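**Student:** To be precise about what I am sending: the file is called input25.cif and holds mmCIF, C-alpha atoms, pLDDT in the B column; chains and numbers go by the auth columns.
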```cif
data_structure
#
loop_
_atom_site.group_PDB
_atom_site.id
_atom_site.type_symbol
_atom_site.label_atom_id
_atom_site.label_comp_id
_atom_site.label_asym_id
_atom_site.label_seq_id
_atom_site.Cartn_x
_atom_site.Cartn_y
_atom_site.Cartn_z
_atom_site.B_iso_or_equiv
_atom_site.auth_seq_id
_atom_site.auth_asym_id
ATOM 1 C CA MET A 1 -17.864 27.576 -25.246 73.00 1 A
ATOM 2 C CA GLU A 2 -16.508 28.085 -28.743 87.00 2 A
ATOM 3 C CA GLN A 3 -18.384 29.873 -31.502 89.00 3 A
ATOM 4 C CA ARG A 4 -17.068 30.260 -35.040 92.00 4 A
ATOM 5 C CA ILE A 5 -18.632 32.689 -37.508 92.00 5 A
ATOM 6 C CA GLU A 6 -17.420 32.587 -41.121 92.00 6 A
ATOM 7 C CA LEU A 7 -18.080 35.689 -43.228 91.00 7 A
ATOM 8 C CA ALA A 8 -17.589 35.960 -46.989 88.00 8 A
ATOM 9 C CA PRO A 9 -18.992 38.261 -49.657 86.00 9 A
ATOM 10 C CA ASN A 10 -21.755 36.960 -51.890 83.00 10 A
ATOM 11 C CA CYS A 11 -19.903 36.257 -55.134 81.00 11 A
ATOM 12 C CA SER A 12 -22.116 34.097 -57.274 81.00 12 A
ATOM 13 C CA LEU A 13 -19.925 34.460 -60.359 84.00 13 A
ATOM 14 C CA LYS A 14 -17.168 31.842 -60.495 88.00 14 A
ATOM 15 C CA PRO A 15 -13.939 32.354 -62.496 89.00 15 A
ATOM 16 C CA ALA A 16 -15.101 30.085 -65.331 92.00 16 A
ATOM 17 C CA GLY A 17 -18.384 31.995 -65.562 93.00 17 A
ATOM 18 C CA ALA A 18 -16.550 35.328 -65.540 93.00 18 A
ATOM 19 C CA LEU A 19 -14.307 34.144 -68.376 95.00 19 A
ATOM 20 C CA LEU A 20 -17.295 32.944 -70.394 96.00 20 A
ATOM 21 C CA PHE A 21 -19.125 36.246 -69.792 95.00 21 A
ATOM 22 C CA PHE A 22 -16.082 38.318 -70.739 96.00 22 A
ATOM 23 C CA GLY A 23 -15.346 36.282 -73.864 96.00 23 A
ATOM 24 C CA SER A 24 -18.940 36.324 -75.127 96.00 24 A
ATOM 25 C CA THR A 25 -19.251 40.073 -74.443 96.00 25 A
ATOM 26 C CA CYS A 26 -16.022 40.741 -76.341 96.00 26 A
ATOM 27 C CA LEU A 27 -17.134 38.700 -79.354 96.00 27 A
ATOM 28 C CA PHE A 28 -20.667 40.125 -79.427 96.00 28 A
ATOM 29 C CA SER A 29 -19.517 43.760 -79.186 95.00 29 A
ATOM 30 C CA LEU A 30 -16.666 43.154 -81.660 95.00 30 A
ATOM 31 C CA ALA A 31 -19.218 42.014 -84.241 95.00 31 A
ATOM 32 C CA PHE A 32 -21.008 45.362 -83.911 92.00 32 A
ATOM 33 C CA ALA A 33 -17.735 47.293 -83.948 94.00 33 A
ATOM 34 C CA LEU A 34 -16.623 45.529 -87.136 94.00 34 A
ATOM 35 C CA VAL A 35 -19.841 46.579 -88.888 94.00 35 A
ATOM 36 C CA PHE A 36 -18.834 50.197 -88.336 93.00 36 A
ATOM 37 C CA VAL A 37 -15.171 49.520 -89.205 93.00 37 A
ATOM 38 C CA PHE A 38 -16.182 48.079 -92.597 93.00 38 A
ATOM 39 C CA GLN A 39 -18.160 51.263 -93.241 94.00 39 A
ATOM 40 C CA GLY A 40 -14.955 53.259 -92.784 92.00 40 A
ATOM 41 C CA LEU A 41 -15.413 54.262 -89.151 93.00 41 A
ATOM 42 C CA TRP A 42 -12.173 52.698 -87.941 91.00 42 A
ATOM 43 C CA PRO A 43 -11.887 54.876 -84.736 92.00 43 A
ATOM 44 C CA VAL A 44 -14.561 52.609 -83.233 94.00 44 A
ATOM 45 C CA LEU A 45 -11.956 49.857 -82.622 94.00 45 A
ATOM 46 C CA PRO A 46 -9.797 51.720 -80.055 94.00 46 A
ATOM 47 C CA PHE A 47 -12.915 52.649 -78.091 95.00 47 A
ATOM 48 C CA TRP A 48 -14.114 49.045 -78.232 95.00 48 A
ATOM 49 C CA ALA A 49 -10.715 47.889 -76.926 96.00 49 A
ATOM 50 C CA LEU A 50 -10.789 50.481 -74.139 97.00 50 A
ATOM 51 C CA GLU A 51 -14.298 49.432 -73.139 96.00 51 A
ATOM 52 C CA MET A 52 -13.327 45.750 -73.017 97.00 52 A
ATOM 53 C CA LEU A 53 -10.202 46.595 -71.007 97.00 53 A
ATOM 54 C CA VAL A 54 -12.293 48.427 -68.398 97.00 54 A
ATOM 55 C CA LEU A 55 -14.792 45.537 -68.276 97.00 55 A
ATOM 56 C CA GLY A 56 -11.934 43.050 -67.828 96.00 56 A
ATOM 57 C CA LEU A 57 -10.416 45.086 -64.997 96.00 57 A
ATOM 58 C CA ALA A 58 -13.802 45.342 -63.256 94.00 58 A
ATOM 59 C CA LEU A 59 -14.297 41.565 -63.497 93.00 59 A
ATOM 60 C CA ARG A 60 -10.796 40.976 -62.170 91.00 60 A
ATOM 61 C CA ALA A 61 -11.464 43.250 -59.176 88.00 61 A
ATOM 62 C CA SER A 62 -14.735 41.421 -58.535 86.00 62 A
ATOM 63 C CA MET A 63 -13.002 38.022 -58.620 88.00 63 A
ATOM 64 C CA ARG A 64 -10.326 39.241 -56.185 84.00 64 A
ATOM 65 C CA ARG A 65 -12.991 40.575 -53.827 82.00 65 A
ATOM 66 C CA GLY A 66 -14.564 37.108 -53.746 78.00 66 A
ATOM 67 C CA LYS A 67 -11.445 35.721 -52.033 82.00 67 A
ATOM 68 C CA TYR A 68 -11.865 38.077 -49.051 86.00 68 A
ATOM 69 C CA THR A 69 -13.092 36.240 -45.920 90.00 69 A
ATOM 70 C CA GLN A 70 -13.330 36.916 -42.203 93.00 70 A
ATOM 71 C CA THR A 71 -13.494 34.373 -39.390 92.00 71 A
ATOM 72 C CA VAL A 72 -14.672 35.350 -35.919 92.00 72 A
ATOM 73 C CA LEU A 73 -13.734 32.782 -33.265 92.00 73 A
ATOM 74 C CA ILE A 74 -15.181 33.405 -29.817 91.00 74 A
ATOM 75 C CA THR A 75 -13.957 31.325 -26.884 89.00 75 A
ATOM 76 C CA ASP A 76 -14.499 31.686 -23.125 85.00 76 A
ATOM 77 C CA SER A 77 -11.649 34.151 -22.772 85.00 77 A
ATOM 78 C CA GLN A 78 -10.974 35.800 -26.125 89.00 78 A
ATOM 79 C CA ILE A 79 -12.205 36.864 -29.548 90.00 79 A
ATOM 80 C CA SER A 80 -10.021 36.156 -32.566 92.00 80 A
ATOM 81 C CA LEU A 81 -10.680 37.895 -35.868 92.00 81 A
ATOM 82 C CA VAL A 82 -8.827 36.453 -38.850 93.00 82 A
ATOM 83 C CA THR A 83 -9.116 38.306 -42.146 91.00 83 A
ATOM 84 C CA HIS A 84 -7.907 36.616 -45.340 90.00 84 A
ATOM 85 C CA SER A 85 -7.378 38.852 -48.353 85.00 85 A
ATOM 86 C CA ARG A 86 -5.049 39.024 -51.321 82.00 86 A
ATOM 87 C CA HIS A 87 -2.510 40.656 -48.973 83.00 87 A
ATOM 88 C CA GLY A 88 -2.422 37.583 -46.721 87.00 88 A
ATOM 89 C CA ALA A 89 -3.939 36.842 -43.331 90.00 89 A
ATOM 90 C CA GLN A 90 -4.346 39.408 -40.581 90.00 90 A
ATOM 91 C CA LYS A 91 -5.240 38.398 -37.022 92.00 91 A
ATOM 92 C CA GLN A 92 -6.679 40.532 -34.232 90.00 92 A
ATOM 93 C CA GLU A 93 -7.343 39.280 -30.703 91.00 93 A
ATOM 94 C CA PHE A 94 -9.443 40.841 -27.954 89.00 94 A
ATOM 95 C CA ALA A 95 -10.291 39.801 -24.394 88.00 95 A
ATOM 96 C CA ARG A 96 -13.924 38.657 -24.618 87.00 96 A
ATOM 97 C CA HIS A 97 -15.025 40.107 -21.271 84.00 97 A
ATOM 98 C CA TRP A 98 -13.762 43.618 -22.092 86.00 98 A
ATOM 99 C CA ALA A 99 -14.789 43.803 -25.733 89.00 99 A
ATOM 100 C CA LYS A 100 -17.730 45.824 -27.014 90.00 100 A
ATOM 101 C CA VAL A 101 -19.681 45.389 -30.223 91.00 101 A
ATOM 102 C CA ARG A 102 -20.697 48.680 -31.820 91.00 102 A
ATOM 103 C CA LEU A 103 -22.871 49.264 -34.852 91.00 103 A
ATOM 104 C CA ARG A 104 -22.006 52.793 -35.905 89.00 104 A
ATOM 105 C CA SER A 105 -24.467 54.913 -37.859 88.00 105 A
ATOM 106 C CA PRO A 106 -23.258 56.368 -41.161 84.00 106 A
ATOM 107 C CA ARG A 107 -22.262 60.012 -41.450 83.00 107 A
ATOM 108 C CA THR A 108 -24.759 60.503 -44.269 84.00 108 A
ATOM 109 C CA ARG A 109 -27.551 58.452 -45.801 83.00 109 A
ATOM 110 C CA LEU A 110 -25.353 57.345 -48.692 84.00 110 A
ATOM 111 C CA TYR A 111 -22.811 55.494 -46.549 87.00 111 A
ATOM 112 C CA PRO A 112 -23.292 52.085 -44.907 88.00 112 A
ATOM 113 C CA THR A 113 -23.209 51.388 -41.190 89.00 113 A
ATOM 114 C CA ARG A 114 -19.979 50.088 -39.649 92.00 114 A
ATOM 115 C CA LEU A 115 -19.771 47.133 -37.276 92.00 115 A
ATOM 116 C CA THR A 116 -16.736 47.156 -35.013 92.00 116 A
ATOM 117 C CA ILE A 117 -15.395 45.129 -32.115 92.00 117 A
ATOM 118 C CA GLU A 118 -13.536 47.370 -29.694 90.00 118 A
ATOM 119 C CA SER A 119 -11.366 46.829 -26.650 87.00 119 A
ATOM 120 C CA SER A 120 -8.445 48.581 -24.955 84.00 120 A
ATOM 121 C CA GLY A 121 -8.473 51.492 -27.383 87.00 121 A
ATOM 122 C CA ARG A 122 -8.353 49.234 -30.447 89.00 122 A
ATOM 123 C CA ALA A 123 -11.173 48.730 -32.923 89.00 123 A
ATOM 124 C CA PHE A 124 -11.539 46.352 -35.846 90.00 124 A
ATOM 125 C CA GLU A 125 -14.267 46.448 -38.481 91.00 125 A
ATOM 126 C CA VAL A 126 -16.201 43.246 -39.106 92.00 126 A
ATOM 127 C CA GLY A 127 -18.259 42.444 -42.202 89.00 127 A
ATOM 128 C CA SER A 128 -17.550 45.540 -44.269 87.00 128 A
ATOM 129 C CA PHE A 129 -18.901 43.715 -47.339 88.00 129 A
ATOM 130 C CA LEU A 130 -22.256 42.850 -45.709 89.00 130 A
ATOM 131 C CA THR A 131 -25.492 44.742 -46.290 89.00 131 A
ATOM 132 C CA ASP A 132 -26.834 46.966 -43.506 89.00 132 A
ATOM 133 C CA GLU A 133 -29.481 44.360 -42.619 92.00 133 A
ATOM 134 C CA GLU A 134 -26.930 41.531 -42.454 92.00 134 A
ATOM 135 C CA ARG A 135 -24.617 43.721 -40.384 92.00 135 A
ATOM 136 C CA SER A 136 -27.455 44.452 -37.932 92.00 136 A
ATOM 137 C CA VAL A 137 -28.237 40.735 -37.521 93.00 137 A
ATOM 138 C CA LEU A 138 -24.539 39.972 -37.016 93.00 138 A
ATOM 139 C CA ALA A 139 -24.263 42.774 -34.433 92.00 139 A
ATOM 140 C CA THR A 140 -27.140 41.291 -32.435 92.00 140 A
ATOM 141 C CA ARG A 141 -25.564 37.831 -32.562 91.00 141 A
ATOM 142 C CA LEU A 142 -22.139 39.141 -31.535 91.00 142 A
ATOM 143 C CA ARG A 143 -23.576 41.200 -28.660 89.00 143 A
ATOM 144 C CA ASN A 144 -25.013 37.994 -27.211 88.00 144 A
ATOM 145 C CA LEU A 145 -21.597 36.307 -27.388 86.00 145 A
ATOM 146 C CA VAL A 146 -19.200 39.166 -26.581 84.00 146 A
ATOM 147 C CA GLY A 147 -18.772 41.197 -23.419 70.00 147 A
ATOM 148 C CA GLY A 148 -20.210 39.609 -20.335 60.00 148 A
ATOM 149 C CA MET A 149 -18.379 41.757 -17.802 54.00 149 A
ATOM 150 C CA ASN A 150 -20.863 40.461 -15.202 54.00 150 A
ATOM 151 C CA GLU A 151 -19.579 36.922 -15.751 56.00 151 A
ATOM 152 C CA SER A 152 -16.336 35.829 -14.226 54.00 152 A
ATOM 153 C CA PRO A 153 -13.701 34.747 -16.726 54.00 153 A
ATOM 154 C CA PRO A 154 -12.704 31.084 -16.723 55.00 154 A
ATOM 155 C CA LEU A 155 -9.932 30.102 -14.357 54.00 155 A
ATOM 156 C CA GLU A 156 -6.783 28.620 -15.796 59.00 156 A
ATOM 157 C CA ILE A 157 -6.078 25.518 -13.696 60.00 157 A
ATOM 158 C CA ASP A 158 -2.821 23.656 -14.284 56.00 158 A
#
```
Would you write out, as structure tokens, the structure that this file holds?

**Tutor:**
Amino acid sequence: MEQRIELAPNCSLKPAGALLFFGSTCLFSLAFALVFVFQGLWPVLPFWALEMLVLGLALRASMRRGKYTQTVLITDSQISLVTHSRHGAQKQEFARHWAKVRLRSPRTRLYPTRLTIESSGRAFEVGSFLTDEERSVLATRLRNLVGGMNESPPLEID
């Protein structure tokens, strides 16, 4: 048995689209700012530049977030979680028969649920970028694949 689950955030905006959006927004808002500048209200320009800087930084953060992925590989004996982010790849491994899948309730209504895979005192969060509904569906799927302490692990025969 080998199951692979690929998780990635829903980023519908591609880099070319983000550049087009940013450029058109800059030009459109600059046209309005220049109307006020020609009327003698020159302090509008620094605020326009600050606003465009903040918009550019937000788009950049959104594009970076789109490169974040998680891969859950479940075999007969272990669970491998590989997380790819801008900091590189991080890998966690758990024994499948001893692992537990937990969907933790939020502390308050404003926070999302947390889905973790736990074993031997270690826990790793899975799908932090998913919605609560998607996380619940993933938890159900993982519970069917993980654990199985009533099953005997596969024997390694040389």

**Student:** Residues picked by the PyMOL selection byres ((chain A and resi 100) around 6) here, as a list in words?

**Tutor:**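 Applying the PyMOL selection byres ((chain A and resi 100) around 6) to the structure shown produces Ala99, Val101, Ile117, Glu118 and Gly147 of chain A.
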
**Student:** For a quick check of understanding, using all atoms listed in the file, which of A:Arg109, A:Gln92, A:Val146, A:Leu55 has the smallest distance to Arg122 in chain A?

**Tutor:**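 Among the listed residues, the smallest separation from Arg122 in chain A belongs to A:Gln92.
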
**Student:** Pick the closest to Ser136 in chain A from A:Leu115, A:Cys11, A:Ala18, A:Leu45: which is it, counting all atoms listed in the file?

**Tutor:**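 Going through A:Leu115, A:Cys11, A:Ala18, A:Leu45 one by one, the smallest distance to Ser136 in chain A is for A:Leu115.
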
**Student:** Find, counting only C-alpha atoms, the residue in A:Leu57, A:Met52, A:Val35, A:Leu81 that gets nearest to Ala123 in chain A.

**Tutor:**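 Smallest separation from Ala123 in chain A among the options: A:Leu81.
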
**Student:** Under the rule that only C-alpha atoms are counted, which of A:Lys91, A:Arg107, A:Arg143, A:Lys14 is the nearest residue to Arg60 in chain A?

**Tutor:**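 Of the candidates, the smallest distance to Arg60 in chain A is held by A:Lys14.
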
**Student:** Report as a list in words the residues that result from applying the PyMOL selection byres ((chain A and resi 131) around 12) to the structure here.

**Tutor:**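 When the PyMOL selection byres ((chain A and resi 131) around 12) is applied, the selected residues are Ala8, Pro9, Asn10, Tyr111, Pro112, Thr113, Arg114, Leu115, Val126, Gly127, Ser128, Phe129, Leu130, Asp132, Glu133, Glu134, Arg135, Ser136, Val137 and Leu138 of chain A.
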
**Student:** Using all atoms listed in the file, which of A:Leu53, A:Gly88, A:Val44, A:Pro106 sits nearest Gln70 in chain A?

**Tutor:**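 Smallest separation from Gln70 in chain A among the options: A:Gly88.
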
**Student:** With the PyMOL selection byres ((chain A and resi 48) around 12) as the selection, what would be picked from this file? Answer as number ranges by chain, please.

**Tutor:** A: 25-34, 36-37, 42-47, 49-55

**Student:** Which is closer to Met63 in chain A than all the others in A:Ala16, A:Leu142, A:Ala89, A:Arg4, using only C-alpha atoms?

**Tutor:** A:Ala16

**Student:** Quick check, in Å to one decimal: how far apart do CA of Ala139 in chain A and CA of Ser12 in chain A lie?

**Tutor:** 24.5 Å

**Student:** What does the distance between CA of Leu41 in chain A and CA of Gly56 in chain A come to in Å, to one decimal place?

**Tutor:**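 A separation of 24.3 Å between them.
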
**Student:** Tell me which protein, DNA and RNA residues are within 6 Å of Thr71 in chain A, counting all atoms listed in the file, leaving out same-chain ones fewer than 6 positions away, and put them as a PyMOL selection string.

**Tutor:** chain A and resi 5-6+81-82

**Student:** Some atoms are absent from range 11-29 of chain A, so rebuild N, CA, C and O atoms and return them as a PDB file, in the frame of the given file.

**Tutor:**
```pdb
ATOM      1  N   CYS A  11     -20.448  36.207 -53.775  1.00 81.00           N
ATOM      2  CA  CYS A  11     -19.903  36.257 -55.134  1.00 81.00           C
ATOM      3  C   CYS A  11     -20.412  35.040 -55.887  1.00 81.00           C
ATOM      4  O   CYS A  11     -19.825  33.965 -55.815  1.00 81.00           O
ATOM      5  N   SER A  12     -21.507  35.230 -56.578  1.00 81.00           N
ATOM      6  CA  SER A  12     -22.116  34.097 -57.274  1.00 81.00           C
ATOM      7  C   SER A  12     -21.398  33.770 -58.571  1.00 81.00           C
ATOM      8  O   SER A  12     -21.556  32.668 -59.104  1.00 81.00           O
ATOM      9  N   LEU A  13     -20.622  34.692 -59.096  1.00 84.00           N
ATOM     10  CA  LEU A  13     -19.925  34.460 -60.359  1.00 84.00           C
ATOM     11  C   LEU A  13     -18.586  33.776 -60.087  1.00 84.00           C
ATOM     12  O   LEU A  13     -17.726  34.297 -59.382  1.00 84.00           O
ATOM     13  N   LYS A  14     -18.417  32.603 -60.637  1.00 88.00           N
ATOM     14  CA  LYS A  14     -17.168  31.842 -60.495  1.00 88.00           C
ATOM     15  C   LYS A  14     -16.199  32.262 -61.601  1.00 88.00           C
ATOM     16  O   LYS A  14     -16.605  32.835 -62.613  1.00 88.00           O
ATOM     17  N   PRO A  15     -14.907  31.959 -61.470  1.00 89.00           N
ATOM     18  CA  PRO A  15     -13.939  32.354 -62.496  1.00 89.00           C
ATOM     19  C   PRO A  15     -14.276  31.837 -63.897  1.00 89.00           C
ATOM     20  O   PRO A  15     -14.108  32.564 -64.879  1.00 89.00           O
ATOM     21  N   ALA A  16     -14.753  30.615 -64.001  1.00 92.00           N
ATOM     22  CA  ALA A  16     -15.101  30.085 -65.331  1.00 92.00           C
ATOM     23  C   ALA A  16     -16.278  30.865 -65.921  1.00 92.00           C
ATOM     24  O   ALA A  16     -16.297  31.168 -67.120  1.00 92.00           O
ATOM     25  N   GLY A  17     -17.245  31.205 -65.102  1.00 93.00           N
ATOM     26  CA  GLY A  17     -18.384  31.995 -65.562  1.00 93.00           C
ATOM     27  C   GLY A  17     -17.972  33.402 -65.961  1.00 93.00           C
ATOM     28  O   GLY A  17     -18.494  33.959 -66.934  1.00 93.00           O
ATOM     29  N   ALA A  18     -17.041  33.994 -65.206  1.00 93.00           N
ATOM     30  CA  ALA A  18     -16.550  35.328 -65.540  1.00 93.00           C
ATOM     31  C   ALA A  18     -15.819  35.308 -66.873  1.00 93.00           C
ATOM     32  O   ALA A  18     -15.978  36.220 -67.701  1.00 93.00           O
ATOM     33  N   LEU A  19     -15.029  34.271 -67.103  1.00 95.00           N
ATOM     34  CA  LEU A  19     -14.307  34.144 -68.376  1.00 95.00           C
ATOM     35  C   LEU A  19     -15.276  33.965 -69.534  1.00 95.00           C
ATOM     36  O   LEU A  19     -15.109  34.596 -70.599  1.00 95.00           O
ATOM     37  N   LEU A  20     -16.284  33.144 -69.358  1.00 96.00           N
ATOM     38  CA  LEU A  20     -17.295  32.944 -70.394  1.00 96.00           C
ATOM     39  C   LEU A  20     -18.047  34.249 -70.672  1.00 96.00           C
ATOM     40  O   LEU A  20     -18.274  34.616 -71.828  1.00 96.00           O
ATOM     41  N   PHE A  21     -18.439  34.965 -69.630  1.00 95.00           N
ATOM     42  CA  PHE A  21     -19.125  36.246 -69.792  1.00 95.00           C
ATOM     43  C   PHE A  21     -18.248  37.250 -70.530  1.00 95.00           C
ATOM     44  O   PHE A  21     -18.690  37.915 -71.469  1.00 95.00           O
ATOM     45  N   PHE A  22     -16.989  37.359 -70.114  1.00 96.00           N
ATOM     46  CA  PHE A  22     -16.082  38.318 -70.739  1.00 96.00           C
ATOM     47  C   PHE A  22     -15.838  37.969 -72.210  1.00 96.00           C
ATOM     48  O   PHE A  22     -15.895  38.838 -73.071  1.00 96.00           O
ATOM     49  N   GLY A  23     -15.595  36.699 -72.480  1.00 96.00           N
ATOM     50  CA  GLY A  23     -15.346  36.282 -73.864  1.00 96.00           C
ATOM     51  C   GLY A  23     -16.555  36.513 -74.759  1.00 96.00           C
ATOM     52  O   GLY A  23     -16.427  37.029 -75.883  1.00 96.00           O
ATOM     53  N   SER A  24     -17.739  36.144 -74.301  1.00 96.00           N
ATOM     54  CA  SER A  24     -18.940  36.324 -75.127  1.00 96.00           C
ATOM     55  C   SER A  24     -19.252  37.804 -75.327  1.00 96.00           C
ATOM     56  O   SER A  24     -19.684  38.218 -76.399  1.00 96.00           O
ATOM     57  N   THR A  25     -19.025  38.635 -74.301  1.00 96.00           N
ATOM     58  CA  THR A  25     -19.251  40.073 -74.443  1.00 96.00           C
ATOM     59  C   THR A  25     -18.272  40.674 -75.441  1.00 96.00           C
ATOM     60  O   THR A  25     -18.652  41.515 -76.269  1.00 96.00           O
ATOM     61  N   CYS A  26     -17.024  40.249 -75.386  1.00 96.00           N
ATOM     62  CA  CYS A  26     -16.022  40.741 -76.341  1.00 96.00           C
ATOM     63  C   CYS A  26     -16.411  40.384 -77.772  1.00 96.00           C
ATOM     64  O   CYS A  26     -16.370  41.240 -78.662  1.00 96.00           O
ATOM     65  N   LEU A  27     -16.785  39.128 -77.992  1.00 96.00           N
ATOM     66  CA  LEU A  27     -17.134  38.700 -79.354  1.00 96.00           C
ATOM     67  C   LEU A  27     -18.392  39.392 -79.869  1.00 96.00           C
ATOM     68  O   LEU A  27     -18.443  39.835 -81.021  1.00 96.00           O
ATOM     69  N   PHE A  28     -19.401  39.499 -79.026  1.00 96.00           N
ATOM     70  CA  PHE A  28     -20.667  40.125 -79.427  1.00 96.00           C
ATOM     71  C   PHE A  28     -20.452  41.595 -79.776  1.00 96.00           C
ATOM     72  O   PHE A  28     -20.922  42.082 -80.806  1.00 96.00           O
ATOM     73  N   SER A  29     -19.735  42.335 -78.925  1.00 95.00           N
ATOM     74  CA  SER A  29     -19.517  43.760 -79.186  1.00 95.00           C
ATOM     75  C   SER A  29     -18.529  43.977 -80.329  1.00 95.00           C
ATOM     76  O   SER A  29     -18.628  44.971 -81.053  1.00 95.00           O
TER      77      SER A  29
END
```
